[in-house]
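Structure record follows, encoded as structure tokens.
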Amino acid sequence: MIARAMLWVFCAAWAGAAFAIDTTQLPDPRLQARYEALTHELRCMQCQNQSIADSPVGLAADLRREVAEQLTAGRTDQQVRDYMSARYGDFILFRPRVSGRTVWLWALPGVLLAGGAIVAWRIVRRRSALAAAEPDADSGDLDT
Amino acid sequence: MNRFLLPLAGFALLAIVLGVGIRHSKTKGVVVSPLIGRPAPDYVLPNLIEPAEKFDSRSMKGRWYVLNVWGTWCVECRAEHPVLVEAQRSGSLPIVGLNWKDSDEEARSWLAALGNPYVAVPVDAEGRIAIDYGVYGAPETFLVDPQGVIVHKHIGPLSAEIWQRDFVNRTTGAARTGS
């Protein structure tokens with residue numbers, strides 16, 4: 001029983017250690033919050049599908065150090081993002097910027113939503129017209 | 001029937017367009033550097049092969065040169081090394097070897113054992129200059145023109161062919177019409 005409990009404690013401690021990739025602690029809690037947000041939205045270029053906050057590779061650690069130093073030096077979030085994308089391209093930003101090339105990426109969901117709304121509105125109108133024409137047919141065949 | 005066929009056809013068309021696009025994309029898996037066409041970042045770093053003096057990147061201004069990013073921990077760099085040694089022997093282009101996040105000792109014994117193709121080996125122990133160059137994996141190789149502008153970047157190991165086509169030919173103007 002005790003052995004089992006100890007095993008659990010060990011496993012929990014080990015898992016905790018395994019997930020704590022980034023242990024950076026900035027003196028100011030507001031800076032720390034900005035630091036954590038920024039490192040989560042910058043891509044680790046070596047692993048490509050992880051953020052630099054989640055990646056154990058050396059380059060990610062170097063980039064985290066860069067973010068921490070720049071925030072401590074008083075740079076804005078946008079200045080840090082610009083610094084990164086000037087060197088690694090927009091690919092490093094998990095949240096793509098709105099530009100001529102990416103505008104469709106931002107506009108498309110809206111366009112699709114509007115398209116869906118129009119289709120839904122037309123179906124509802126057709127059904128209500130049918131229902132008005134045949135008051136008895138509550139579950140009529142509308143597939144035609 | 002029709003109402004299912006139309007969306008299905010649309011989906012199939014989209015899948016084919018995207019599939020062909022991905023399959024035939026020339027830059028698949030390669031992140032194009034935003035630094036091409038821009039001035040190569042300047043730096044002053046300790047020089048592994050001339051410990052007495054620092055290496056200043058500005059000393060390379062006025063001639064074509066190649067910046068090769070390498071480390072002894074990098075497996076592909078070992079595969080590429082004979083190509084660099086051969087390129088240096090042919091004397092076509094000076095090669096600066098940025099030693100990225102490495103141990104000086106191991107780097108020295110690597111060059112002693114495999115040959116030194118570099119005119120200088122700036123030591124970027126903290127990886128700061130590599131960040132300025134947007135390096136994300138070794139080996140990476142840059143071609144810098146006499147004005148100090150980055151003309152080309154190659155990611156991954158070089159071959160004799162790539163060296164000739166993408167580096168030497170660009171400096172002689174042979175590829176000017178091609179690219």
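Ordered as shown in the structure tokens, chains take letters A, B, and onward, while each chain numbers its residues from 1 and ligands are numbered from 1 in the order shown.
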Listing only residues of stretch 18-51 of chain B within 7 Å of stretch 104-126 of chain B, what is the closest atom pair and its distance in Å (to one decimal) for each, using only C-alpha atoms, sorted by chain and residue number ascending, as JSON lines?
```
{"residue": "B:Leu45", "atom": "CA", "partner": "B:Pro122", "partner_atom": "CA", "distance": 5.4}
{"residue": "B:Pro46", "atom": "CA", "partner": "B:Pro122", "partner_atom": "CA", "distance": 5.6}
{"residue": "B:Asn47", "atom": "CA", "partner": "B:Pro122", "partner_atom": "CA", "distance": 4.5}
{"residue": "B:Leu48", "atom": "CA", "partner": "B:Val121", "partner_atom": "CA", "distance": 5.2}
{"residue": "B:Ile49", "atom": "CA", "partner": "B:Val121", "partner_atom": "CA", "distance": 6.2}
```
Practice prompt. Might you pull out every residue within 12 Å of A:Asp28, with only C-alpha atoms counted and same-chain residues fewer than 5 positions away left off, and present them as number ranges by chain?
Written response: A: 33-35, 68, 71-72, 74
Discussion item. Nearest residue to chain A out of B:Pro7, B:Pro157, B:Gly173, B:Pro41, using only C-alpha atoms?
Written reply: B:Pro41
Practice prompt. Would you mind listing what lies within 10 Å of B:Arg38 as a ChimeraX atom specification, with only C-alpha atoms counted and same-chain residues fewer than 5 positions away left out?
Written response: /B:144,148-151
Just C-alpha atoms for this one: save the residues we selected as a PDB file, in the first residue's frame.
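part05.pdb, written as the output of this step:
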```pdb
ATOM      1  CA  VAL B 144      27.250  36.973 -49.317  1.00  0.00           C
ATOM      2  CA  GLY B 148      27.696  42.439 -47.848  1.00  0.00           C
ATOM      3  CA  VAL B 149      24.210  41.420 -49.028  1.00  0.00           C
ATOM      4  CA  ILE B 150      22.899  37.875 -48.524  1.00  0.00           C
ATOM      5  CA  VAL B 151      22.244  36.503 -51.998  1.00  0.00           C
TER       6      VAL B 151
END
```
Go through chain B residue by residue and, counting only C-alpha atoms, keep those with an atom at most 6 Å from chain A; for each kept residue give the shortest atom pair and its distance in Å to one decimal, ordered by chain and increasing number, as CSV.
```
residue,atom,partner,partner_atom,distance
B:Pro34,CA,A:Gly89,CA,5.4
B:Gly134,CA,A:Arg87,CA,4.6
B:Tyr136,CA,A:Gln46,CA,5.8
```
Worksheet entry | All helix (DSSP H, G or I) positions in stretch 6-138 of chain A, as a VMD selection string | chain A and resid 6 to 19 29 to 40 58 to 72 77 to 88 90 to 92 103 to 133
Practice prompt. Write out as a list of chain:residue names each polymer residue whose atoms come within 9 Å of A:Asp22, counting only C-alpha atoms; drop sequence neighbours fewer than 6 positions from it.
Written response: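 In the requested format, the answer is A:Ala53, A:Asp54, A:Ser55, A:Pro56, A:Ala61, A:Arg64.
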Selected residues written out with C-alpha atoms, as a compact mmCIF listing (two decimals), in the first residue's frame:
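Output saved as selection_2.txt:
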```
# COMPACT_ATOMS: atom_id res chain seq x y z
CA ALA A 53 7.63 27.49 -24.69
CA ASP A 54 7.01 23.76 -25.10
CA SER A 55 10.17 22.73 -26.89
CA PRO A 56 13.26 21.29 -25.20
CA ALA A 61 15.88 28.00 -25.24
CA ARG A 64 13.14 32.22 -24.99
```
Item to complete: List every residue of stretch 37-168 of chain B that DSSP, applied to the backbone of this structure, assigns to strand (DSSP E), and report them as an NGL selection string.
Response: :B and (44-46 or 54-56 or 65-70 or 95-100 or 123-124 or 140-144 or 150-155)
Quick one: write out the picked residues with C-alpha atoms as a PDB file, in the first residue's frame?
```
ATOM      1  CA  VAL B  44      32.626  40.422 -33.898  1.00  0.00           C
ATOM      2  CA  LEU B  45      33.368  37.016 -32.338  1.00  0.00           C
ATOM      3  CA  PRO B  46      36.387  35.057 -31.088  1.00  0.00           C
ATOM      4  CA  LYS B  54      38.719  38.421 -32.889  1.00  0.00           C
ATOM      5  CA  PHE B  55      36.989  37.916 -36.188  1.00  0.00           C
ATOM      6  CA  ASP B  56      35.077  40.922 -37.519  1.00  0.00           C
ATOM      7  CA  TYR B  65      32.239  34.779 -49.447  1.00  0.00           C
ATOM      8  CA  VAL B  66      30.288  31.903 -47.958  1.00  0.00           C
ATOM      9  CA  LEU B  67      29.094  31.653 -44.360  1.00  0.00           C
ATOM     10  CA  ASN B  68      28.685  28.049 -43.270  1.00  0.00           C
ATOM     11  CA  VAL B  69      26.965  27.328 -39.932  1.00  0.00           C
ATOM     12  CA  TRP B  70      28.206  24.119 -38.329  1.00  0.00           C
ATOM     13  CA  ILE B  95      34.346  30.066 -46.499  1.00  0.00           C
ATOM     14  CA  VAL B  96      33.720  31.430 -43.014  1.00  0.00           C
ATOM     15  CA  GLY B  97      32.598  28.674 -40.610  1.00  0.00           C
ATOM     16  CA  LEU B  98      30.317  29.926 -37.858  1.00  0.00           C
ATOM     17  CA  ASN B  99      30.755  27.396 -35.054  1.00  0.00           C
ATOM     18  CA  TRP B 100      27.280  27.261 -33.501  1.00  0.00           C
ATOM     19  CA  VAL B 123      32.671  31.042 -32.259  1.00  0.00           C
ATOM     20  CA  ASP B 124      28.983  31.645 -31.528  1.00  0.00           C
ATOM     21  CA  GLU B 140      23.011  26.176 -43.162  1.00  0.00           C
ATOM     22  CA  THR B 141      25.057  28.021 -45.742  1.00  0.00           C
ATOM     23  CA  PHE B 142      24.789  31.643 -46.896  1.00  0.00           C
ATOM     24  CA  LEU B 143      26.292  33.333 -49.946  1.00  0.00           C
ATOM     25  CA  VAL B 144      27.250  36.973 -49.317  1.00  0.00           C
ATOM     26  CA  ILE B 150      22.899  37.875 -48.524  1.00  0.00           C
ATOM     27  CA  VAL B 151      22.244  36.503 -51.998  1.00  0.00           C
ATOM     28  CA  HIS B 152      21.378  32.885 -51.284  1.00  0.00           C
ATOM     29  CA  LYS B 153      20.766  30.490 -48.423  1.00  0.00           C
ATOM     30  CA  HIS B 154      21.024  26.716 -48.504  1.00  0.00           C
ATOM     31  CA  ILE B 155      19.496  24.633 -45.724  1.00  0.00           C
TER      32      ILE B 155
END
```
Worksheet item: When you draw a straight line from atom CA of A:Pro29 to atom CA of B:Ile131, how long is it in Å?
Response: 26.8 Å
Practice prompt. Provide the atom CA of A:Trp106 to atom CA of B:Ile36 distance in Å, to one decimal place.
Written response: 27.4 Å
Item to complete: In Å, rounded to a single decimal, give me how far atom CA of A:Pro27 is from atom CA of A:Ala73.
Response: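 We find that atom CA of A:Ala73 and atom CA of A:Pro27 lie 12.5 Å from each other.
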